[in-house]
Structure formats: structure tokens, C-alpha cells
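This is model_17.cif. It holds mmCIF, C-alpha atoms and all ligand atoms.
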```cif
data_upload
loop_
_atom_site.label_atom_id
_atom_site.label_comp_id
_atom_site.auth_asym_id
_atom_site.auth_seq_id
_atom_site.Cartn_x
_atom_site.Cartn_y
_atom_site.Cartn_z
CA MET A 1 216.98 -145.20 35.02
CA PRO A 2 213.79 -147.31 34.91
CA MET A 3 213.54 -149.92 37.60
CA ALA A 4 212.85 -153.53 37.00
CA PRO A 5 209.45 -154.52 38.53
CA GLN A 6 210.94 -157.56 40.28
CA ASP A 7 213.17 -155.26 42.43
CA GLN A 8 210.23 -153.48 43.95
CA THR A 9 209.38 -153.92 47.62
CA LEU A 10 205.98 -152.92 49.05
CA GLU A 11 207.36 -149.55 49.86
CA ASP A 12 208.89 -149.27 46.46
CA ARG A 13 205.47 -149.30 44.96
CA VAL A 14 204.86 -145.73 46.02
CA VAL A 15 207.95 -144.81 44.07
CA THR A 16 207.12 -142.99 40.89
CA PRO A 17 207.36 -145.51 38.14
CA ASP A 18 209.24 -143.17 35.79
CA PRO A 19 211.32 -140.60 37.72
CA LEU A 20 212.77 -139.02 34.58
CA LYS A 21 209.34 -138.36 33.17
CA GLU A 22 208.26 -137.03 36.55
CA ILE A 23 211.28 -134.68 36.67
CA ALA A 24 210.52 -133.45 33.17
CA GLU A 25 206.89 -132.82 34.12
CA ILE A 26 207.82 -131.01 37.33
CA GLU A 27 210.18 -128.84 35.33
CA ALA A 28 207.64 -128.03 32.61
CA GLU A 29 204.88 -127.29 35.11
CA ALA A 30 207.05 -125.16 37.45
CA THR A 31 208.70 -123.22 34.61
CA ALA A 32 205.34 -122.34 33.08
CA ALA A 33 203.95 -121.30 36.48
CA LEU A 34 206.99 -119.17 37.37
CA GLU A 35 206.90 -117.43 34.04
CA ALA A 36 203.20 -116.67 34.33
CA VAL A 37 203.30 -114.82 37.68
CA THR A 38 202.76 -111.05 37.49
CA ASP A 39 203.80 -109.83 40.93
CA LEU A 40 206.35 -110.61 43.64
CA ALA A 41 203.83 -112.08 46.10
CA ALA A 42 202.54 -114.50 43.46
CA LEU A 43 206.13 -115.45 42.58
CA GLU A 44 206.88 -116.46 46.18
CA GLU A 45 203.70 -118.50 46.35
CA CYS A 46 204.58 -120.18 43.09
CA GLU A 47 208.14 -121.03 44.25
CA ARG A 48 206.72 -122.62 47.38
CA GLU A 49 204.29 -124.75 45.40
CA ALA A 50 206.83 -125.71 42.78
CA PHE A 51 209.78 -126.85 44.87
CA ARG A 52 210.15 -125.35 48.35
CA SER A 53 207.08 -126.63 50.21
CA LYS A 54 207.16 -130.12 51.73
CA ARG A 55 203.86 -130.78 49.97
CA SER A 56 205.26 -129.84 46.56
CA ARG A 57 205.49 -132.44 43.82
CA PHE A 58 209.25 -131.77 43.83
CA SER A 59 209.60 -132.57 47.57
CA SER A 60 207.59 -135.76 47.43
CA MET A 61 209.76 -136.89 44.55
CA TYR A 62 212.84 -135.97 46.58
CA GLN A 63 211.57 -137.98 49.55
CA GLN A 64 211.39 -141.01 47.33
CA LEU A 65 215.16 -140.94 46.88
CA GLY A 66 215.43 -142.81 50.17
CA SER A 67 213.55 -145.76 48.68
CA MET A 68 215.76 -145.98 45.61
CA THR A 69 218.81 -148.08 44.96
CA PRO A 70 222.07 -146.30 45.63
CA ASP A 71 222.75 -145.90 41.91
CA GLN A 72 219.27 -144.61 41.23
CA ARG A 73 219.48 -142.31 44.22
CA ARG A 74 222.75 -140.82 43.00
CA GLU A 75 221.46 -140.37 39.48
CA ILE A 76 217.97 -139.06 40.30
CA GLY A 77 219.30 -136.97 43.19
CA ARG A 78 221.75 -135.24 40.86
CA LEU A 79 219.03 -134.61 38.28
CA MET A 80 216.75 -133.15 40.92
CA ASN A 81 219.46 -130.89 42.34
CA GLU A 82 220.12 -129.66 38.84
CA LEU A 83 216.38 -129.08 38.36
CA ARG A 84 216.16 -127.18 41.64
CA SER A 85 218.98 -124.89 40.63
CA ARG A 86 217.40 -124.30 37.18
CA LEU A 87 214.08 -123.44 38.83
CA GLU A 88 215.85 -121.12 41.27
CA THR A 89 217.54 -119.34 38.38
CA ILE A 90 214.20 -118.88 36.64
CA ALA A 91 212.63 -117.59 39.87
CA ASP A 92 215.53 -115.15 40.47
CA THR A 93 215.32 -113.80 36.94
CA ARG A 94 211.58 -113.39 37.31
CA ARG A 95 212.07 -111.67 40.69
CA ALA A 96 214.46 -109.14 39.15
CA GLU A 97 212.05 -108.46 36.29
CA LEU A 98 209.06 -108.01 38.59
CA GLY A 99 211.13 -105.83 40.97
CA THR A 100 212.05 -103.49 38.14
CA THR A 101 208.44 -103.26 37.06
CA ALA A 102 207.23 -102.68 40.62
CA ARG A 103 209.81 -99.90 41.11
CA ALA A 104 208.83 -98.31 37.83
CA GLU A 105 205.18 -98.44 38.82
CA ARG A 106 205.91 -96.95 42.24
CA LEU A 107 207.93 -94.15 40.65
CA ALA A 108 205.17 -93.48 38.17
CA ALA A 109 202.63 -93.27 40.99
CA ASP A 110 204.81 -91.01 43.17
CA ARG A 111 206.00 -88.81 40.33
CA LEU A 112 205.83 -85.04 40.95
CA ASP A 113 203.05 -83.51 38.94
CA LEU A 114 205.05 -80.98 37.02
CA THR A 115 202.01 -79.87 35.06
CA GLU A 116 200.44 -78.18 38.10
CA VAL A 117 199.17 -74.69 37.31
CA LEU A 118 200.57 -71.92 39.52
CA PRO A 119 198.87 -68.53 39.93
CA GLY A 120 201.46 -66.66 37.87
CA ARG A 121 204.69 -65.12 39.04
CA LEU A 122 204.43 -62.85 42.08
CA ALA A 123 206.19 -59.81 40.72
CA GLY A 124 206.16 -56.58 42.69
CA HIS A 125 205.58 -53.14 41.26
CA LEU A 126 206.50 -49.56 41.96
CA HIS A 127 205.10 -47.97 45.11
CA LEU A 128 202.14 -45.66 44.56
CA VAL A 129 204.23 -42.61 45.49
CA THR A 130 206.85 -43.57 42.90
CA GLN A 131 204.14 -44.05 40.28
CA VAL A 132 202.73 -40.57 40.95
CA ARG A 133 206.23 -39.04 41.04
CA GLU A 134 206.93 -40.56 37.62
CA ALA A 135 203.59 -39.30 36.28
CA LEU A 136 204.50 -35.79 37.47
CA GLU A 137 207.98 -36.06 35.96
CA ASP A 138 206.42 -37.09 32.63
CA VAL A 139 204.17 -34.01 32.61
CA PHE A 140 207.10 -31.65 33.23
CA VAL A 141 209.48 -33.44 30.86
CA GLY A 142 206.69 -32.98 28.30
CA MET A 143 206.94 -29.22 28.91
CA GLY A 144 210.71 -29.28 28.35
CA TYR A 145 211.87 -29.47 31.98
CA GLU A 146 214.86 -31.44 33.22
CA ILE A 147 214.66 -33.69 36.30
CA ALA A 148 217.07 -32.52 39.01
CA GLU A 149 218.02 -34.07 42.32
CA GLY A 150 219.50 -32.94 45.60
CA PRO A 151 220.62 -34.81 48.71
CA GLU A 152 218.28 -35.54 51.60
CA VAL A 153 221.00 -34.38 54.02
CA GLU A 154 221.46 -30.71 53.26
CA THR A 155 223.26 -27.69 54.64
CA GLY A 156 221.37 -25.18 56.73
CA TRP A 157 222.70 -22.49 54.41
CA ARG A 158 221.01 -23.90 51.28
CA ASN A 159 217.90 -24.89 53.20
CA PHE A 160 217.40 -21.54 55.00
CA GLU A 161 219.85 -18.63 54.50
CA ALA A 162 220.14 -18.79 50.73
CA LEU A 163 216.34 -19.10 50.56
CA ASN A 164 216.02 -15.83 52.50
CA ILE A 165 214.55 -17.59 55.54
CA PRO A 166 215.46 -15.46 58.58
CA GLU A 167 217.36 -16.71 61.62
CA ASP A 168 214.26 -16.57 63.83
CA HIS A 169 211.90 -18.38 61.45
CA PRO A 170 210.00 -21.14 63.35
CA ALA A 171 210.89 -23.75 60.71
CA ARG A 172 214.53 -23.48 61.82
CA SER A 173 213.66 -24.67 65.32
CA PRO A 174 214.86 -28.19 66.20
CA LEU A 175 211.24 -28.80 67.17
CA ASP A 176 210.35 -28.71 63.47
CA THR A 177 213.51 -29.79 61.66
CA PHE A 178 215.76 -32.82 62.19
CA TYR A 179 219.37 -31.69 62.61
CA VAL A 180 222.30 -33.98 61.88
CA ASP A 181 225.14 -34.13 64.40
CA PHE A 182 227.86 -33.25 61.90
CA SER A 183 230.20 -30.27 61.39
CA GLU A 184 229.14 -26.98 63.08
CA PRO A 185 226.13 -27.37 65.41
CA TRP A 186 222.79 -26.75 63.59
CA SER A 187 224.53 -26.49 60.22
CA VAL A 188 223.48 -29.82 58.65
CA LEU A 189 219.93 -31.19 58.53
CA LEU A 190 217.45 -33.59 56.93
CA ARG A 191 215.83 -31.27 54.41
CA PRO A 192 212.27 -30.33 55.43
CA HIS A 193 211.46 -29.27 51.85
CA THR A 194 212.90 -29.66 48.34
CA SER A 195 213.47 -25.90 47.95
CA PRO A 196 217.26 -26.14 48.62
CA VAL A 197 217.51 -27.88 45.22
CA GLN A 198 216.62 -24.43 43.76
CA ILE A 199 219.84 -23.15 45.32
CA ARG A 200 221.86 -26.06 43.88
CA LEU A 201 220.42 -25.39 40.40
CA LEU A 202 221.18 -21.66 40.63
CA GLN A 203 224.70 -22.33 41.97
CA ARG A 204 225.41 -24.40 38.87
CA GLY A 205 225.43 -21.07 37.01
CA VAL A 206 223.89 -22.53 33.85
CA LEU A 207 220.95 -20.45 32.66
CA PRO A 208 218.15 -20.60 31.65
CA ILE A 209 216.76 -23.21 34.05
CA TYR A 210 213.64 -25.33 33.51
CA ALA A 211 213.76 -28.03 36.16
CA VAL A 212 211.72 -30.08 38.60
CA ALA A 213 213.31 -31.79 41.61
CA PRO A 214 211.33 -34.57 43.26
CA GLY A 215 212.54 -36.23 46.45
CA ARG A 216 212.11 -37.25 50.05
CA THR A 217 211.69 -34.69 52.84
CA TYR A 218 211.57 -34.85 56.65
CA ARG A 219 209.75 -32.92 59.37
CA LYS A 220 209.17 -33.48 63.07
CA ASP A 221 205.46 -34.05 62.59
CA THR A 222 203.44 -36.66 64.46
CA PRO A 223 201.84 -38.97 61.85
CA ASP A 224 198.12 -38.41 61.34
CA SER A 225 195.75 -38.67 58.39
CA THR A 226 197.28 -35.58 56.74
CA HIS A 227 200.89 -35.52 58.06
CA LEU A 228 203.90 -37.83 57.88
CA PRO A 229 207.38 -37.22 59.32
CA VAL A 230 208.79 -38.64 56.07
CA PHE A 231 207.12 -37.52 52.88
CA HIS A 232 207.88 -36.41 49.32
CA GLN A 233 207.83 -33.10 47.53
CA ILE A 234 208.45 -31.93 44.02
CA GLU A 235 210.07 -28.55 43.48
CA GLY A 236 209.85 -26.55 40.26
CA LEU A 237 212.21 -23.79 39.15
CA VAL A 238 212.14 -21.77 35.96
CA VAL A 239 214.65 -18.96 35.38
CA ASP A 240 214.83 -17.22 32.04
CA ARG A 241 214.64 -13.77 30.49
CA GLY A 242 211.16 -12.24 30.69
CA VAL A 243 209.44 -14.96 32.72
CA THR A 244 206.14 -13.65 34.16
CA PHE A 245 203.59 -14.53 36.80
CA ALA A 246 201.26 -15.50 33.92
CA ASP A 247 203.76 -18.20 32.91
CA LEU A 248 203.62 -19.54 36.46
CA LYS A 249 199.82 -19.58 36.43
CA GLY A 250 199.74 -21.32 33.03
CA THR A 251 202.26 -23.92 34.19
CA ILE A 252 200.26 -24.76 37.33
CA ASP A 253 197.08 -25.00 35.28
CA THR A 254 198.71 -27.34 32.75
CA PHE A 255 200.06 -29.78 35.30
CA VAL A 256 196.84 -29.87 37.35
CA ARG A 257 194.83 -30.77 34.24
CA ALA A 258 197.40 -33.34 33.15
CA ILE A 259 197.35 -35.11 36.51
CA PHE A 260 193.70 -34.74 37.55
CA GLY A 261 191.90 -34.47 34.21
CA GLU A 262 190.91 -31.76 31.74
CA GLY A 263 187.88 -30.63 33.76
CA THR A 264 190.05 -29.63 36.73
CA ARG A 265 190.76 -25.92 37.25
CA SER A 266 193.38 -24.19 39.36
CA ARG A 267 193.58 -20.84 41.12
CA LEU A 268 196.18 -18.83 43.03
CA ARG A 269 195.63 -17.20 46.40
CA PRO A 270 197.97 -14.58 47.89
CA ALA A 271 200.38 -16.06 50.45
CA TYR A 272 203.80 -15.43 51.92
CA PHE A 273 207.06 -17.35 51.42
CA PRO A 274 210.46 -15.76 52.15
CA PHE A 275 211.99 -17.01 48.87
CA THR A 276 209.31 -15.75 46.46
CA GLU A 277 207.78 -12.33 45.87
CA PRO A 278 204.93 -12.17 45.15
CA SER A 279 203.97 -15.53 46.62
CA ALA A 280 200.85 -17.61 46.28
CA GLU A 281 199.26 -20.83 47.34
CA PHE A 282 197.80 -22.76 44.45
CA GLU A 283 194.59 -24.71 44.68
CA MET A 284 192.57 -26.93 42.39
CA THR A 285 188.88 -27.73 42.17
CA CYS A 286 187.92 -30.49 44.60
CA VAL A 287 188.35 -33.98 43.11
CA ILE A 288 185.27 -35.25 44.96
CA CYS A 289 182.65 -32.56 44.30
CA GLY A 290 184.24 -30.78 41.32
CA GLY A 291 183.90 -27.38 43.05
CA GLU A 292 180.37 -27.69 44.50
CA GLY A 293 181.61 -27.98 48.10
CA CYS A 294 181.73 -31.19 50.14
CA ARG A 295 183.31 -32.72 53.24
CA THR A 296 186.66 -33.38 51.55
CA CYS A 297 187.13 -29.70 50.66
CA SER A 298 185.40 -28.42 53.85
CA GLY A 299 182.59 -27.02 51.74
CA VAL A 300 184.74 -24.54 49.79
CA GLY A 301 185.10 -26.49 46.52
CA TRP A 302 188.88 -25.95 46.38
CA ILE A 303 191.83 -27.97 47.66
CA GLU A 304 195.22 -26.44 48.44
CA LEU A 305 198.11 -28.15 46.69
CA GLY A 306 201.28 -26.13 47.36
CA GLY A 307 203.18 -22.87 47.31
CA CYS A 308 204.61 -20.85 44.46
CA GLY A 309 205.76 -17.40 43.42
CA MET A 310 208.33 -15.32 41.57
CA VAL A 311 211.91 -16.01 42.67
CA HIS A 312 212.93 -13.41 45.30
CA PRO A 313 215.86 -11.15 44.32
CA ALA A 314 217.60 -12.18 47.58
CA VAL A 315 217.76 -15.78 46.28
CA PHE A 316 219.38 -14.57 43.04
CA GLU A 317 221.78 -12.49 45.07
CA ALA A 318 222.80 -15.41 47.33
CA THR A 319 223.61 -17.53 44.28
CA GLY A 320 225.22 -14.88 42.08
CA VAL A 321 222.50 -14.60 39.45
CA GLU A 322 221.95 -11.11 37.95
CA PRO A 323 218.36 -10.10 38.97
CA GLU A 324 218.19 -7.33 36.37
CA GLU A 325 218.71 -9.82 33.56
CA TRP A 326 216.91 -12.94 34.82
CA THR A 327 213.49 -13.53 36.30
CA GLY A 328 211.97 -16.78 37.45
CA PHE A 329 209.23 -18.61 39.22
CA ALA A 330 209.22 -21.51 41.62
CA PHE A 331 206.68 -23.90 43.06
CA GLY A 332 206.63 -26.82 45.45
CA PHE A 333 204.08 -29.37 46.64
CA GLY A 334 203.66 -32.76 48.27
CA ILE A 335 203.70 -35.87 46.09
CA ASP A 336 202.06 -38.10 48.72
CA ARG A 337 199.17 -35.66 48.97
CA ILE A 338 198.72 -35.68 45.20
CA ALA A 339 198.69 -39.49 45.32
CA ILE A 340 195.96 -39.76 47.94
CA MET A 341 193.84 -37.13 46.18
CA ARG A 342 194.26 -38.77 42.80
CA HIS A 343 193.07 -42.11 44.22
CA ASN A 344 190.61 -40.76 46.79
CA ILE A 345 192.48 -42.27 49.78
CA ALA A 346 191.40 -41.03 53.21
CA ASP A 347 194.64 -41.38 55.20
CA LEU A 348 198.24 -40.50 54.32
CA ARG A 349 199.67 -43.10 56.70
CA VAL A 350 198.93 -46.00 54.33
CA MET A 351 201.82 -44.68 52.24
CA ILE A 352 204.44 -45.80 54.76
CA GLU A 353 202.76 -48.83 56.34
CA ASN A 354 203.84 -51.07 53.44
CA ASP A 355 200.77 -53.29 53.63
CA VAL A 356 200.86 -55.24 50.38
CA ARG A 357 197.06 -55.61 50.44
CA PHE A 358 196.90 -51.84 50.04
CA LEU A 359 199.89 -51.38 47.73
CA GLY A 360 198.78 -54.24 45.47
CA GLN A 361 195.69 -52.23 44.46
CA PHE A 362 197.69 -49.72 42.42
N1 LIG B 1 208.99 -25.11 50.32
C1 LIG B 1 207.62 -24.79 50.61
C2 LIG B 1 207.08 -25.74 51.68
O1 LIG B 1 207.64 -26.77 51.86
C3 LIG B 1 206.76 -24.89 49.38
C4 LIG B 1 207.07 -23.84 48.38
C5 LIG B 1 206.46 -22.60 48.45
C6 LIG B 1 207.97 -24.12 47.37
C7 LIG B 1 206.74 -21.63 47.49
C8 LIG B 1 208.27 -23.12 46.42
C9 LIG B 1 207.63 -21.90 46.51
O2 LIG B 1 209.14 -23.32 45.44
O3 LIG B 1 207.92 -20.93 45.59
O4 LIG B 1 206.10 -25.43 52.29
#
```

Structure translated into C-alpha cells:
Amino acid sequence: MPMAPQDQTLEDRVVTPDPLKEIAEIEAEATAALEAVTDLAALEECEREAFRSKRSRFSSMYQQLGSMTPDQRREIGRLMNELRSRLETIADTRRAELGTTARAERLAADRLDLTEVLPGRLAGHLHLVTQVREALEDVFVGMGYEIAEGPEVETGWRNFEALNIPEDHPARSPLDTFYVDFSEPWSVLLRPHTSPVQIRLLQRGVLPIYAVAPGRTYRKDTPDSTHLPVFHQIEGLVVDRGVTFADLKGTIDTFVRAIFGEGTRSRLRPAYFPFTEPSAEFEMTCVICGGEGCRTCSGVGWIELGGCGMVHPAVFEATGVEPEEWTGFAFGFGIDRIAIMRHNIADLRVMIENDVRFLGQF
């Protein structure tokens, strides 16, 4: 309500001549400023300047209420309180908007970078010994053999007696073989070779037999570069009508070439095993020097791989196979040894140390 000039005292002269216009201006100015701010700090500053600070245009207008007539004071005071609450509403709305934006920006900045490139999945692979065992199995399956298996805990009968190994043979000593405390003393053991699987195959009574039996074997050996107390062998057994020593020789030659390459040759040297007669050790040309002679083969050019021979009639007898009708050959050798020779590894012990830096190379 405009005041009549004659009502003005000296003090009244500082009173804004047109409070309604002033209120409208304060509102327009403050609203525009509040709507223009772009962050929360600026919003607070703007609120202070618009109506909270004592030095604000709003406050100085408010202070003038005291110099107004009671009617004016009531009227202008009400208008200003209404203005304050409108400005507060605008500021609150703006605060909520800016808060949402700030949160969104913070989230965007902190967001997990899901596009990061990882070095591929760390998948394991088969142990080198298993790889070589499977390669050997493939060669023999290719020649028509079946893969047989026997238990690692075996009877002394299958491991020794049935294989024609005499009572006083040094291999039967508990210094060489691990015995299991089960049943009759010294009757159950951890097999020191895969040859007892020959007995299991013959006991099946299904002939002919063309089989290889790979598996784990145990001996009381102190680990060194060429021995492990836990190692692997593969046993071969062929029983058919008219099988000859020449078949044995041809079979050894075929597998040696398949595993070590076409240029590799094999040879047999006379030897003795109780379960074969005649018996032989088979050797192949040295993988390092090709037969010239070097440190690996101790200068002879040949490396011994395993034992073999024609199945002894005593083995047929122990398992009920008619030796007049059937003949056969057998062979056995270490898989771990084949693995280290195939890859030119100096020490057998790496096979059981399980160092992934070594295993990961194969
Ligand atoms: N079992 C023998 C060993 O562990 C290797 C062996 C020799 C296996 C002659 C055979 C064989 O089948 O006929 O030393």
C-alpha cells in the first residue's frame, strides 16, 4: 500500500517508496539467480545473497517494517514472509536437482571400468606325464591294442609268484618294495611295476590279447635325477597264436619311431627277466646325438628304454593259459623317462615338484 508523503517522518524517508515494487524486484532477481546456479556451493551463496544475509536486499527491506504503520507492517510483512517461503521452495527444488546431478557425476567418475582387458582365462592343462601317456596310448590304440588298467595296491601273488619271480628275489625285499599292512603279512603291496596287469589280463581268460596297461608304480628309491619313488610305467602284452620274437621287435620299432620320430632306430640286447624267455632290454638311438655318442648316452649312442621278451611258459601255467596253443610277448618301460627324453629334460624330479613355471612350458 503506497504511503502518503505527508505521513513520512525523517526516518521514514529511508523507507522504500514502493514496497510492492521492491518485493517484486527482489523476487524476480532472486528467482533468476537461484535458477542460474550450477552447483551446491553456488546455490548456498546465492541463497545468502538473496534473502538470508543481513546485507541482502530482502533483509534491509524487512528491517524497514519497523518504520511502517501497523497496517503497512502487517501487509508488507505478510507479503515478505510469503516471498521468503517461495524463495525457499525454489532453493530446495534447485538443491534436490543439483544433488541428483552431483551424485550422478560422482557415480560416473567412480564407476568400475568393466572394459578392462584381462590376460585371458588361466586354464590348466594335463601334466606332462599324462600327455606322454596319452601319446603312447594313441600309438598302441593305432596298432589295435586295448588300454587296460590294474590297481596300484596289488597282491604279492600277481606281482611276484605268478610272474615267476622266486621267493628270494631281491625285489621282494621290503627294502625295495612298499608293503601294505593288510591281510597276511607281506601279501599286499604298492606295485613296483605294471607287470601284474599281465596276470590280470591272462586271468580274464579272453584270448587273444593285445593290450597296454599304463599306470603309477612305487619303489623304495631315494629321488635323484634318474629315480623317483613314485613313477609311471606302461606294460604291453600280446598273446595270440603264432606270435614271434620278430613281432616283438617290429612293435618296439614302430612305437619308438612314432614317439621319437622316423629317424629313430631301436635294438634289442639280451637280458634276463623271470617272466619272459628269451628276454631283452630294448634301446633306441640317442635323442641328443642320434647315435654318434655323447654325454647323455655315455658315449655309446644308445639309450635303454625298458625290458621285453616272450611270455614265459610258467606265467601261462599260473594263469591257466595253454602254452602249446598260445604264444606271446610282453614289454614294459617308464613313462616319466620317455617324457624327459622326448623333451630333453635333465632331471626326473621336476615331474613331481609341481612347479607351474616348469609344467606351464608343455
Ligand atoms: N617289469 C620290468 C621292470 O619293471 C620291466 C619289464 C621287463 C616288463 C620285461 C616286461 C618285460 O613286460 O617283458 O623292470

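Selecting all polymer residues at most 8 Å from ligand LIG 1 (chain B), using all atoms listed in the file, gives Pro192, His193, Thr194, Ser195, Gln198, Gln233, Glu235, Gly236, Leu237, Phe273, Phe275, Thr276, Ser279, Ala280, Glu281, Gly306, Gly307, Cys308, Gly309, Met310, Val311, Phe329, Ala330, Phe331, Gly332 and Phe333 of chain A.
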
Among the residues A:Ile340, A:Val256, A:Ile199, A:Leu126, the one that comes closest to Trp157 of chain A [using all atoms listed in the file]: A:Ile199

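Nearest to Met351 of chain A of all the residues A:Arg267, A:Arg48, A:Arg241, A:His232 is A:His232, based on only C-alpha atoms.
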
Tell me, in Å to one decimal, how far atom CA of Thr296 of chain A is from atom CA of Leu128 of chain A. 21.0 Å

Which residues, written as a PyMOL selection string, have at least one atom at most 8 Å from Val153 of chain A, with all atoms listed in the file counted and residues fewer than 5 positions away on the same chain left out? chain A and resi 180+188-191

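Nearest-residue note for Leu43 of chain A: choosing from A:Leu83, A:Leu98, A:Gln64, A:Ile26, the minimum distance belongs to A:Leu98, counting all atoms listed in the file.
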
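Atom CA of Arg257 of chain A lies 9.3 Å from atom CA of Met284 of chain A.
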
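Across the structure, atom CA of Asp347 of chain A and atom CA of Ala171 of chain A are spaced 24.6 Å apart.
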
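Distance annotation: of A:Lys220, A:Arg200, A:Arg74, A:Arg52, the residue with the minimal separation from Glu149 of chain A is A:Arg200; atom set is all atoms listed in the file.
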
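Closest to Ala30 of chain A among A:Cys46, A:Ala109, A:Val197, A:Ala211 is A:Cys46, based on only C-alpha atoms.
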
Which one of A:Asp39, A:Asp168, A:Glu325, A:Asp18 sits closest to Glu105 of chain A if you count only C-alpha atoms? A:Asp39

Neighbourhood query: residues within 12 Å of (218.2, -11.1, 56.8), file coordinates, counting only C-alpha atoms; return as a VMD selection string. chain A and resid 160 to 169 274 to 275 314 to 315 318

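Residues near the point (213.3, -36.1, 58.4), at a distance of 6 Å or less over only C-alpha atoms, make up Phe178, Leu190, Thr217, Tyr218, Arg219 and Val230 of chain A.
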
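For Ala50 of chain A, the set of protein, DNA and RNA residues having any atom at most 10 Å away, when counting all atoms listed in the file and skipping those fewer than 6 positions along the same chain, is Ile26, Glu27, Glu29, Ala30, Thr31, Ala33, Leu34, Glu44, Ser56, Arg57, Phe58, Ser59, Arg84 and Leu87 of chain A.
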